[in-house]
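Novice: Compact mmCIF, N, CA and C atoms, saved as final_12.txt, coming up:
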# COMPACT_ATOMS: atom_id res chain seq x y z
N MET A 1 75.04 101.74 101.45
CA MET A 1 75.39 100.38 101.15
C MET A 1 76.70 100.05 101.82
N LYS A 2 76.92 98.81 102.16
CA LYS A 2 78.15 98.37 102.80
C LYS A 2 78.96 97.53 101.82
N LYS A 3 80.22 97.85 101.69
CA LYS A 3 81.13 97.08 100.84
C LYS A 3 82.44 96.94 101.57
N GLY A 4 82.90 95.70 101.70
CA GLY A 4 84.21 95.47 102.30
C GLY A 4 84.35 96.02 103.70
N GLY A 5 83.26 96.07 104.46
CA GLY A 5 83.33 96.55 105.82
C GLY A 5 83.25 98.06 105.94
N LEU A 6 83.20 98.77 104.83
CA LEU A 6 83.11 100.22 104.87
C LEU A 6 81.73 100.67 104.44
N LYS A 7 81.20 101.64 105.14
CA LYS A 7 79.91 102.21 104.73
C LYS A 7 80.21 103.28 103.69
N VAL A 8 79.76 103.02 102.48
CA VAL A 8 80.09 103.89 101.36
C VAL A 8 78.80 104.37 100.72
N GLY A 9 78.63 105.67 100.68
CA GLY A 9 77.47 106.24 100.02
C GLY A 9 77.79 106.54 98.57
N LYS A 10 76.83 106.35 97.72
CA LYS A 10 77.03 106.60 96.29
C LYS A 10 77.44 108.04 96.03
N ASN A 11 76.83 108.98 96.73
CA ASN A 11 77.15 110.39 96.52
C ASN A 11 78.57 110.73 96.94
N LYS A 12 79.11 110.02 97.96
CA LYS A 12 80.48 110.29 98.39
C LYS A 12 81.46 109.96 97.28
N TRP A 13 81.29 108.80 96.65
CA TRP A 13 82.20 108.42 95.55
C TRP A 13 82.07 109.38 94.38
N LEU A 14 80.84 109.78 94.08
CA LEU A 14 80.65 110.71 92.98
C LEU A 14 81.26 112.07 93.28
N SER A 15 81.26 112.47 94.55
CA SER A 15 81.83 113.76 94.91
C SER A 15 83.36 113.75 94.81
N LEU A 16 83.99 112.57 94.90
CA LEU A 16 85.44 112.47 94.77
C LEU A 16 85.90 112.54 93.32
N LEU A 17 85.05 112.14 92.40
CA LEU A 17 85.42 112.08 91.00
C LEU A 17 85.86 113.44 90.42
N PRO A 18 85.12 114.53 90.65
CA PRO A 18 85.59 115.81 90.09
C PRO A 18 86.95 116.23 90.62
N GLY A 19 87.23 115.93 91.90
CA GLY A 19 88.54 116.27 92.45
C GLY A 19 89.66 115.52 91.75
N PHE A 20 89.42 114.23 91.49
CA PHE A 20 90.42 113.44 90.78
C PHE A 20 90.63 113.98 89.37
N VAL A 21 89.55 114.25 88.68
CA VAL A 21 89.65 114.76 87.30
C VAL A 21 90.38 116.10 87.28
N PHE A 22 90.05 116.97 88.25
CA PHE A 22 90.71 118.28 88.33
C PHE A 22 92.20 118.12 88.58
N ALA A 23 92.56 117.29 89.56
CA ALA A 23 93.98 117.08 89.86
C ALA A 23 94.71 116.49 88.67
N LEU A 24 94.08 115.54 88.02
CA LEU A 24 94.71 114.92 86.86
C LEU A 24 94.91 115.93 85.74
N ALA A 25 93.90 116.77 85.52
CA ALA A 25 94.00 117.77 84.45
C ALA A 25 95.08 118.80 84.74
N ILE A 26 95.18 119.23 86.00
CA ILE A 26 96.17 120.23 86.37
C ILE A 26 97.58 119.67 86.36
N LEU A 27 97.73 118.45 86.88
CA LEU A 27 99.07 117.90 87.08
C LEU A 27 99.56 117.00 85.96
N ALA A 28 98.71 116.71 85.00
CA ALA A 28 99.13 115.85 83.90
C ALA A 28 100.11 116.62 83.02
N GLY A 29 101.21 116.02 82.76
CA GLY A 29 102.19 116.67 81.88
C GLY A 29 102.49 115.76 80.71
N CYS A 30 102.44 116.29 79.56
CA CYS A 30 102.78 115.52 78.38
C CYS A 30 104.13 116.03 77.89
N SER A 31 105.06 115.12 77.76
CA SER A 31 106.38 115.56 77.32
C SER A 31 106.96 114.57 76.32
N SER A 32 107.78 115.06 75.49
CA SER A 32 108.54 114.19 74.58
C SER A 32 109.88 114.86 74.36
N SER A 33 110.87 114.07 74.08
CA SER A 33 112.21 114.59 73.87
C SER A 33 112.33 115.04 72.41
N GLY A 34 112.70 116.30 72.20
CA GLY A 34 112.78 116.85 70.86
C GLY A 34 113.86 116.20 70.02
N GLY A 35 113.51 115.81 68.81
CA GLY A 35 114.49 115.30 67.87
C GLY A 35 114.84 113.83 68.02
N THR A 36 114.24 113.12 68.95
CA THR A 36 114.54 111.70 69.11
C THR A 36 113.28 110.89 68.83
N GLU A 37 113.45 109.61 68.70
CA GLU A 37 112.34 108.71 68.41
C GLU A 37 111.74 108.10 69.68
N GLN A 38 111.91 108.76 70.83
CA GLN A 38 111.36 108.24 72.07
C GLN A 38 109.84 108.36 72.08
N GLU A 39 109.22 107.39 72.77
CA GLU A 39 107.77 107.40 72.92
C GLU A 39 107.38 108.58 73.83
N PRO A 40 106.38 109.38 73.45
CA PRO A 40 105.94 110.48 74.31
C PRO A 40 105.38 109.92 75.62
N THR A 41 105.52 110.69 76.69
CA THR A 41 105.08 110.23 77.99
C THR A 41 103.92 111.06 78.52
N PHE A 42 103.10 110.42 79.33
CA PHE A 42 101.98 111.05 80.03
C PHE A 42 102.28 110.91 81.51
N THR A 43 102.74 112.00 82.15
CA THR A 43 103.12 111.97 83.56
C THR A 43 101.98 112.53 84.39
N TYR A 44 101.60 111.81 85.43
CA TYR A 44 100.52 112.27 86.31
C TYR A 44 100.89 111.98 87.76
N ALA A 45 100.46 112.88 88.65
CA ALA A 45 100.88 112.83 90.05
C ALA A 45 99.73 112.51 90.98
N MET A 46 100.09 111.89 92.10
CA MET A 46 99.14 111.55 93.16
C MET A 46 99.93 111.39 94.45
N SER A 47 99.21 111.28 95.57
CA SER A 47 99.89 111.18 96.86
C SER A 47 100.42 109.77 97.13
N GLY A 48 99.78 108.74 96.61
CA GLY A 48 100.18 107.38 96.89
C GLY A 48 99.74 106.90 98.26
N GLN A 49 98.83 107.65 98.89
CA GLN A 49 98.41 107.34 100.25
C GLN A 49 96.89 107.35 100.41
N TYR A 50 96.16 107.06 99.35
CA TYR A 50 94.70 107.16 99.41
C TYR A 50 94.08 105.90 98.81
N ARG A 51 94.19 104.82 99.57
CA ARG A 51 93.65 103.53 99.18
C ARG A 51 92.14 103.60 99.03
N PRO A 52 91.52 103.06 98.07
CA PRO A 52 91.97 102.21 96.96
C PRO A 52 92.31 103.01 95.71
N PHE A 53 92.28 104.32 95.79
CA PHE A 53 92.49 105.12 94.60
C PHE A 53 93.95 105.15 94.16
N ASN A 54 94.87 105.37 95.11
CA ASN A 54 96.29 105.32 94.79
C ASN A 54 97.07 104.96 96.04
N TYR A 55 97.94 103.97 95.91
CA TYR A 55 98.73 103.48 97.04
C TYR A 55 99.89 102.65 96.51
N PHE A 56 100.82 102.32 97.39
CA PHE A 56 101.95 101.48 97.02
C PHE A 56 101.65 100.04 97.40
N ASP A 57 101.87 99.12 96.46
CA ASP A 57 101.63 97.70 96.72
C ASP A 57 102.83 97.08 97.43
N GLU A 58 102.79 95.76 97.63
CA GLU A 58 103.86 95.06 98.34
C GLU A 58 105.20 95.13 97.61
N ASN A 59 105.20 95.46 96.32
CA ASN A 59 106.44 95.62 95.54
C ASN A 59 106.86 97.08 95.43
N ASN A 60 106.23 97.94 96.23
CA ASN A 60 106.51 99.37 96.26
C ASN A 60 106.22 100.06 94.92
N GLN A 61 105.21 99.54 94.21
CA GLN A 61 104.77 100.13 92.95
C GLN A 61 103.45 100.87 93.17
N LEU A 62 103.31 102.04 92.55
CA LEU A 62 102.03 102.75 92.63
C LEU A 62 100.95 101.92 91.95
N THR A 63 99.81 101.81 92.58
CA THR A 63 98.70 101.07 92.02
C THR A 63 97.40 101.68 92.51
N GLY A 64 96.30 101.19 92.01
CA GLY A 64 94.99 101.69 92.42
C GLY A 64 94.21 102.25 91.25
N PHE A 65 93.00 102.70 91.56
CA PHE A 65 92.08 103.21 90.55
C PHE A 65 92.68 104.38 89.75
N ASP A 66 93.27 105.35 90.44
CA ASP A 66 93.84 106.51 89.74
C ASP A 66 94.95 106.10 88.78
N VAL A 67 95.78 105.16 89.20
CA VAL A 67 96.89 104.69 88.36
C VAL A 67 96.34 104.01 87.11
N GLU A 68 95.32 103.18 87.29
CA GLU A 68 94.74 102.47 86.15
C GLU A 68 94.04 103.43 85.18
N ILE A 69 93.37 104.44 85.71
CA ILE A 69 92.73 105.45 84.84
C ILE A 69 93.81 106.19 84.03
N GLY A 70 94.90 106.57 84.69
CA GLY A 70 96.00 107.24 83.99
C GLY A 70 96.60 106.38 82.90
N ARG A 71 96.76 105.08 83.18
CA ARG A 71 97.29 104.16 82.16
C ARG A 71 96.34 104.06 80.97
N ALA A 72 95.05 103.98 81.25
CA ALA A 72 94.07 103.90 80.16
C ALA A 72 94.08 105.17 79.31
N LEU A 73 94.18 106.33 79.96
CA LEU A 73 94.25 107.60 79.22
C LEU A 73 95.50 107.65 78.35
N ALA A 74 96.63 107.26 78.92
CA ALA A 74 97.89 107.27 78.16
C ALA A 74 97.80 106.34 76.96
N GLU A 75 97.22 105.17 77.16
CA GLU A 75 97.07 104.21 76.06
C GLU A 75 96.21 104.80 74.95
N LYS A 76 95.11 105.45 75.31
CA LYS A 76 94.23 106.06 74.31
C LYS A 76 94.94 107.15 73.51
N MET A 77 95.89 107.86 74.19
CA MET A 77 96.62 108.94 73.52
C MET A 77 97.89 108.45 72.84
N GLY A 78 98.18 107.14 72.96
CA GLY A 78 99.39 106.58 72.35
C GLY A 78 100.65 107.01 73.06
N MET A 79 100.56 107.17 74.38
CA MET A 79 101.70 107.64 75.17
C MET A 79 102.07 106.61 76.23
N LYS A 80 103.27 106.76 76.79
CA LYS A 80 103.73 105.90 77.87
C LYS A 80 103.29 106.52 79.20
N PRO A 81 102.58 105.75 80.07
CA PRO A 81 102.14 106.29 81.35
C PRO A 81 103.29 106.36 82.35
N VAL A 82 103.38 107.48 83.07
CA VAL A 82 104.41 107.65 84.10
C VAL A 82 103.74 108.23 85.36
N PRO A 83 103.21 107.35 86.23
CA PRO A 83 102.62 107.84 87.48
C PRO A 83 103.72 108.18 88.48
N ILE A 84 103.57 109.31 89.19
CA ILE A 84 104.54 109.68 90.21
C ILE A 84 103.80 110.00 91.51
N ALA A 85 104.49 109.81 92.62
CA ALA A 85 103.92 110.13 93.93
C ALA A 85 104.61 111.38 94.47
N THR A 86 103.81 112.24 95.05
CA THR A 86 104.31 113.45 95.67
C THR A 86 103.45 113.75 96.88
N PRO A 87 103.97 114.41 97.91
CA PRO A 87 103.15 114.72 99.08
C PRO A 87 101.94 115.57 98.71
N TRP A 88 100.84 115.36 99.41
CA TRP A 88 99.61 116.10 99.13
C TRP A 88 99.85 117.60 99.18
N GLU A 89 100.66 118.05 100.14
CA GLU A 89 100.95 119.49 100.26
C GLU A 89 101.59 120.02 98.98
N GLY A 90 102.43 119.20 98.36
CA GLY A 90 103.06 119.60 97.10
C GLY A 90 102.06 119.72 95.98
N LEU A 91 101.05 118.85 95.96
CA LEU A 91 100.01 118.94 94.94
C LEU A 91 99.25 120.25 95.08
N TYR A 92 98.93 120.62 96.31
CA TYR A 92 98.19 121.85 96.57
C TYR A 92 98.99 123.07 96.12
N LEU A 93 100.28 123.11 96.44
CA LEU A 93 101.11 124.26 96.07
C LEU A 93 101.27 124.36 94.56
N THR A 94 101.28 123.24 93.87
CA THR A 94 101.39 123.25 92.42
C THR A 94 100.17 123.88 91.78
N VAL A 95 98.99 123.58 92.32
CA VAL A 95 97.75 124.13 91.78
C VAL A 95 97.63 125.60 92.12
N LYS A 96 98.09 125.99 93.30
CA LYS A 96 97.98 127.36 93.77
C LYS A 96 98.82 128.24 92.90
Take the structure in the file and give it back as structure tokens.
Specialist:
Amino acid sequence: MKKGGLKVGKNKWLSLLPGFVFALAILAGCSSSGGTEQEPTFTYAMSGQYRPFNYFDENNQLTGFDVEIGRALAEKMGMKPVPIATPWEGLYLTVK
């Protein structure tokens, strides 16, 4: 099927989903400051260079599908979402 000028196969998108879930599970960090009334945070990392999944908008803010999924997960857990960008090589070394 063609969408937005790109030829996109259904299986290709489905094959990307496990990678995203794996990266999110490995790199998601839940932290809270001990002894204070601060809202707990849900920190998750991405490259910020993989449009439409994660990229920087015109205001230099991380946005995209991955960012929105992370926000929804944080909301469900009652936490503050904190998306961060890091080079892809750094993501690989963290998992290794």
Novice: As number ranges by chain, please: the residues near A:Ser47 (cut-off 6.5 Å, only N, CA and C atoms, same-chain neighbours under 5 positions excluded).
Specialist: A: 54-55, 84-88
Novice: Quick one: distance from atom N of A:Pro81 to atom CA of A:Glu39 in Å, one decimal?
Specialist: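 The value is 9.0 Å.
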Novice: Which is closer to A:Ala45 than all the others in A:Val67, A:Pro83, A:Asn59, A:Glu75, using only C-alpha atoms?
Specialist: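 That would be A:Pro83, the residue with the smallest distance to A:Ala45.
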Novice: Considering all atoms listed in the file, state which residue in the set A:Ala74, A:Phe65, A:Pro40, A:Met79 is at the smallest distance from A:Pro52.
Specialist: A:Phe65
Novice: Please, what distance in Å, to one decimal, runs between atom CA of A:Thr63 and atom CA of A:Val82?
Specialist: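 According to the coordinates, atom CA of A:Thr63 and atom CA of A:Val82 are separated by 11.8 Å.
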Novice: Provide the atom C of A:Met77 to atom N of A:Thr41 distance in Å, to one decimal place.
Specialist: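 Going from atom C of A:Met77 over to atom N of A:Thr41, I get 8.8 Å.
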Novice: I'd like to know which of A:Glu89, A:Tyr50, A:Asp57, A:Tyr44 is closest to A:Gly70, using only N, CA and C atoms.
Specialist: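 Checking each of A:Glu89, A:Tyr50, A:Asp57, A:Tyr44 against A:Gly70, counting only N, CA and C atoms, the winner is A:Tyr44.
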